[in-house]
file input-v9.txt (compact mmCIF, C-alpha atoms)
# COMPACT_ATOMS: atom_id res chain seq x y z
CA SER V 1 155.25 260.49 -46.52
CA GLY V 2 157.82 260.92 -49.29
CA ILE V 3 160.23 262.61 -46.88
CA THR V 4 163.81 261.35 -46.74
CA ARG V 5 166.49 261.92 -44.11
CA ARG V 6 170.13 262.92 -44.40
CA ASP V 7 172.78 261.19 -42.31
CA LEU V 8 175.06 263.85 -40.79
CA GLY V 9 177.82 261.37 -40.15
CA PHE V 10 177.83 260.54 -36.44
CA ARG V 11 177.26 256.98 -35.22
CA GLU V 12 178.31 255.45 -31.90
CA ARG V 13 177.05 252.58 -29.77
CA TRP V 14 176.66 252.93 -26.03
CA LEU V 15 175.63 250.49 -23.33
CA VAL V 16 172.94 252.09 -21.14
CA VAL V 17 172.52 250.56 -17.68
CA ASP V 18 169.82 251.56 -15.18
CA ALA V 19 170.02 250.53 -11.54
CA GLU V 20 167.77 250.82 -8.50
CA PRO V 21 170.07 251.16 -5.47
CA HIS V 22 168.95 249.93 -2.08
CA ASP V 23 170.44 253.08 -0.52
CA MET V 24 170.70 256.16 -2.71
CA ALA V 25 172.49 258.04 0.07
CA ALA V 26 175.37 255.56 -0.15
CA LEU V 27 175.99 256.81 -3.70
CA ALA V 28 175.87 260.50 -2.76
CA HIS V 29 179.57 260.79 -3.62
CA LEU V 30 178.70 260.28 -7.29
CA PRO V 31 177.82 263.35 -9.37
CA ILE V 32 174.20 264.07 -10.15
CA ALA V 33 175.38 264.24 -13.76
CA GLY V 34 178.95 263.61 -14.86
CA GLN V 35 180.98 262.68 -17.91
CA ARG V 36 184.21 260.70 -17.56
CA CYS V 37 186.34 261.48 -20.61
CA ASP V 38 188.57 258.46 -20.10
CA PRO V 39 190.03 257.41 -23.48
CA SER V 40 189.97 253.78 -22.35
CA ARG V 41 186.16 253.95 -21.90
CA PRO V 42 184.16 257.21 -22.05
CA THR V 43 181.40 256.94 -19.45
CA THR V 44 178.37 258.97 -18.41
CA ILE V 45 177.04 258.82 -14.85
CA VAL V 46 173.68 260.39 -13.97
CA GLN V 47 171.02 260.22 -11.30
CA SER V 48 167.60 259.37 -12.74
CA GLY V 49 165.06 260.70 -10.29
CA PRO V 50 165.01 259.89 -6.58
CA ARG V 51 165.40 256.08 -6.85
CA HIS V 52 167.51 255.26 -9.91
CA ARG V 53 171.04 255.65 -11.23
CA ARG V 54 172.18 255.40 -14.82
CA TRP V 55 175.55 254.59 -16.37
CA GLU V 56 176.30 254.84 -20.07
CA PHE V 57 179.44 253.16 -21.44
CA MET V 58 180.78 253.80 -24.93
CA LEU V 59 181.37 250.60 -26.87
CA LEU V 60 184.90 250.42 -28.23
CA PRO V 61 185.52 249.82 -31.94
CA HIS V 62 186.22 246.09 -31.50
CA GLU V 63 183.13 245.45 -29.33
CA GLN V 64 179.68 244.24 -30.33
CA ALA V 65 176.33 244.66 -28.61
CA SER V 66 176.21 240.89 -28.08
CA ASP V 67 179.35 241.13 -25.93
CA PHE V 68 177.21 242.63 -23.17
CA ALA V 69 174.39 240.09 -23.21
CA ASP V 70 176.28 238.44 -20.34
CA PRO V 71 175.34 240.24 -17.09
CA GLU V 72 178.85 239.57 -15.75
CA ARG V 73 180.30 241.84 -18.45
CA VAL V 74 177.90 244.59 -17.39
CA TRP V 75 178.72 244.20 -13.70
CA ALA V 76 182.44 244.33 -14.53
CA LEU V 77 181.96 247.79 -16.05
CA LEU V 78 179.95 248.97 -13.05
CA GLU V 79 182.39 247.63 -10.45
CA PRO V 80 184.19 250.92 -9.66
CA TRP V 81 180.87 252.48 -8.58
CA TYR V 82 178.19 249.85 -8.08
CA ARG V 83 178.08 246.16 -7.13
CA PRO V 84 175.36 243.50 -6.98
CA GLN V 85 174.92 243.95 -3.23
CA ASP V 86 174.12 247.64 -3.84
CA GLY V 87 170.88 246.83 -5.66
CA PRO V 88 169.44 245.31 -8.84
CA LEU V 89 169.79 246.41 -12.43
CA THR V 90 166.48 247.35 -14.01
CA ARG V 91 167.72 247.58 -17.60
CA SER V 92 170.79 247.00 -19.73
CA ALA V 93 170.70 247.71 -23.47
CA VAL V 94 172.96 248.88 -26.27
CA TYR V 95 171.78 251.93 -28.19
CA GLU V 96 173.16 253.46 -31.36
CA PHE V 97 173.48 257.23 -31.21
CA ARG V 98 173.00 258.77 -34.65
CA SER V 99 172.73 262.16 -36.33
CA MET V 100 170.03 262.53 -38.98
CA LEU V 101 167.88 265.32 -40.37
CA ALA V 102 164.73 265.07 -42.47
CA ASP V 103 165.03 266.89 -45.79
CA GLN V 104 161.79 268.69 -44.96
CA MET V 105 159.36 268.84 -42.07
CA ARG V 106 156.24 269.32 -44.18
CA ASN V 107 155.07 267.43 -47.24
CA GLY V 108 151.44 268.19 -47.94
CA ARG V 109 149.36 266.95 -45.02
CA VAL V 110 152.36 265.24 -43.41
CA LEU V 111 154.13 267.25 -40.68
CA LEU V 112 157.18 265.92 -38.83
CA VAL V 113 158.48 267.06 -35.46
CA GLY V 114 160.80 265.61 -32.83
CA ASP V 115 162.64 262.35 -33.51
CA ALA V 116 160.66 261.84 -36.71
CA ALA V 117 162.30 265.01 -38.07
CA HIS V 118 165.78 264.75 -36.57
CA LEU V 119 168.05 262.52 -34.50
CA THR V 120 170.80 264.12 -32.42
CA PRO V 121 173.60 262.63 -30.34
CA PRO V 122 172.77 263.05 -26.64
CA PHE V 123 175.82 265.08 -25.60
CA LEU V 124 174.00 268.44 -25.44
CA GLY V 125 170.82 267.00 -23.97
CA GLN V 126 168.91 268.63 -26.83
CA GLY V 127 166.98 265.76 -28.44
CA LEU V 128 163.78 266.22 -26.42
CA CYS V 129 164.33 269.99 -26.23
CA SER V 130 164.51 270.27 -30.02
CA GLY V 131 161.31 268.27 -30.32
CA LEU V 132 159.54 270.57 -27.87
CA ARG V 133 160.70 273.60 -29.85
CA ASP V 134 159.32 271.97 -33.01
CA ALA V 135 155.97 271.31 -31.33
CA ALA V 136 155.76 274.83 -29.93
CA ASN V 137 156.46 276.25 -33.38
CA LEU V 138 153.83 274.09 -35.05
CA ALA V 139 151.02 273.98 -32.48
CA TRP V 140 149.79 277.55 -32.69
CA LYS V 141 150.06 277.58 -36.49
CA LEU V 142 148.09 274.35 -36.80
CA ASP V 143 145.47 275.74 -34.43
CA LEU V 144 144.98 278.88 -36.57
CA VAL V 145 144.82 276.90 -39.83
CA LEU V 146 142.36 274.32 -38.51
CA ARG V 147 140.10 277.10 -37.18
CA GLY V 148 140.19 278.87 -40.52
CA LEU V 149 141.98 281.92 -39.13
CA ALA V 150 145.09 281.51 -41.30
CA ALA V 151 145.90 280.09 -44.71
CA GLY V 152 147.45 276.64 -44.98
CA GLN V 153 150.65 278.23 -46.28
CA LEU V 154 151.41 279.26 -42.68
CA LEU V 155 152.46 275.66 -42.08
CA ASP V 156 155.21 276.02 -44.68
CA THR V 157 157.10 278.27 -42.27
CA ILE V 158 158.08 275.36 -40.01
CA ASP V 159 160.90 274.43 -42.41
CA PRO V 160 162.70 277.79 -42.61
CA GLU V 161 162.14 278.46 -38.93
CA ARG V 162 163.17 275.07 -37.52
CA GLN V 163 165.42 273.21 -39.97
CA SER V 164 168.51 275.42 -39.70
CA GLN V 165 168.37 275.49 -35.89
CA ASN V 166 167.89 271.73 -35.65
CA GLU V 167 170.87 271.15 -37.93
CA ALA V 168 173.00 273.59 -35.93
CA VAL V 169 172.13 271.81 -32.68
CA ILE V 170 172.94 268.40 -34.17
CA ARG V 171 176.29 269.56 -35.54
CA LEU V 172 177.22 271.16 -32.20
CA ALA V 173 176.33 267.91 -30.42
CA ILE V 174 178.53 266.02 -32.88
CA GLU V 175 181.49 268.31 -32.16
CA LEU V 176 181.00 267.99 -28.41
CA GLY V 177 180.82 264.22 -28.80
CA LYS V 178 184.18 264.26 -30.56
CA VAL V 179 185.68 266.06 -27.54
CA LEU V 180 184.07 263.80 -24.92
CA CYS V 181 184.62 260.50 -26.74
CA GLN V 182 188.27 260.82 -27.70
CA LEU V 183 189.84 257.35 -27.65
CA ASP V 184 193.42 258.33 -28.55
CA PRO V 185 195.38 258.68 -25.26
CA GLN V 186 197.72 261.40 -26.57
CA ALA V 187 194.90 263.46 -28.04
CA ALA V 188 192.92 263.01 -24.80
CA ALA V 189 195.91 264.21 -22.75
CA GLU V 190 196.22 267.30 -24.95
CA ARG V 191 192.48 267.96 -24.56
CA ASP V 192 192.72 267.62 -20.79
CA ALA V 193 195.71 269.96 -20.59
CA MET V 194 193.88 272.58 -22.64
CA LEU V 195 190.75 272.35 -20.49
CA ARG V 196 192.75 272.72 -17.28
CA GLN V 197 194.21 275.98 -18.56
CA ILE V 198 190.79 277.53 -19.03
CA GLU V 199 189.36 279.53 -16.15
CA THR V 200 186.23 278.15 -14.56
CA PRO V 201 183.27 280.27 -15.70
CA PRO V 202 181.36 282.15 -13.01
CA PRO V 203 178.18 280.49 -11.75
CA LEU V 204 175.00 281.52 -13.49
CA ALA V 205 172.69 283.88 -11.62
CA LEU V 206 169.37 282.04 -11.69

call {"tool": "encode", "arguments": {"input": "input-v9.txt", "output": "structure tokens"}}
result
Amino acid sequence: SGITRRDLGFRERWLVVDAEPHDMAALAHLPIAGQRCDPSRPTTIVQSGPRHRRWEFMLLPHEQASDFADPERVWALLEPWYRPQDGPLTRSAVYEFRSMLADQMRNGRVLLVGDAAHLTPPFLGQGLCSGLRDAANLAWKLDLVLRGLAAGQLLDTIDPERQSQNEAVIRLAIELGKVLCQLDPQAAAERDAMLRQIETPPPLAL
């Protein structure tokens, strides 16, 4: 396509573990979605639908993906919350979270949206959302052009309308990741003290 991507400087490896508990109710004490900002091992805990649970463990600088090929290493990480008698693991894999942005989203007849156009760390939950915004921006324009109701130049607007927002979302996710994934105990303690001084925001009126 002739389109290159810029690396925005964030790269971390996380072990993602999916489990299918025998009794979901027995894990009701766990948050539906939670982030443990423990400097010894940042961890994400989420419920994945009605039958599955997911844990995500940040790999530490000295660790390799191959270190977790042994199921015993995975179970050792899960032990505070989940044990073999609680149910099987359905997946365990190391992923690399990255931050990248295509230099352009259109090059002639090539149009990029979603992960092809940008990669964002997961800490804002905006990877899929950004892709949907890209698709919504492009779909109606492509429809008009293909039906001959608009000039092809309309497709050039996807870059000025989407690129700056995608980059802003990625950079905000990077900054949030720096807060959540702090490995220095003193810096983490200072972060925690600051957060505890902030008043809890009022609940949103939905």

call {"tool": "residues_around", "arguments": {"input": "input-v9.txt", "residues": "Glu161 of chain V", "least_positions_apart": "3", "cutoff": "12 Å", "atoms": "all atoms listed in the file", "output": "list in words"}}
result
Gln104, Met105, Arg133, Asp134, Ala136, Asn137, Leu138, Leu154, Leu155, Asp156, Thr157, Ile158, Ser164, Gln165, Asn166 and Glu167 of chain V

call {"tool": "closest_residue", "arguments": {"input": "input-v9.txt", "among": "V:Ile170, V:Met58, V:Val74, V:Leu176", "to": "Gln126 of chain V", "atoms": "only C-alpha atoms"}}
result
V:Ile170

call {"tool": "residues_around", "arguments": {"input": "input-v9.txt", "residues": "Ile3 of chain V", "least_positions_apart": "3", "cutoff": "12 Å", "atoms": "only C-alpha atoms", "output": "list in words"}}
result
Arg6, Leu101, Ala102, Asp103, Gln104, Met105, Arg106, Asn107, Gly108, Arg109, Val110, Leu111, Leu112, Ala116, Ala117 and His118 of chain V

call {"tool": "closest_residue", "arguments": {"input": "input-v9.txt", "among": "V:Thr4, V:Gln197, V:Gln153, V:Gln35", "to": "Met100 of chain V", "atoms": "all atoms listed in the file"}}
result
V:Thr4

call {"tool": "atom_distance", "arguments": {"input": "input-v9.txt", "atom1": "atom CA of Ala69 of chain V", "atom2": "atom CA of Trp55 of chain V"}}
result
16.1 Å

call {"tool": "atom_distance", "arguments": {"input": "input-v9.txt", "atom1": "atom CA of Leu119 of chain V", "atom2": "atom CA of Phe10 of chain V"}}
result
10.2 Å
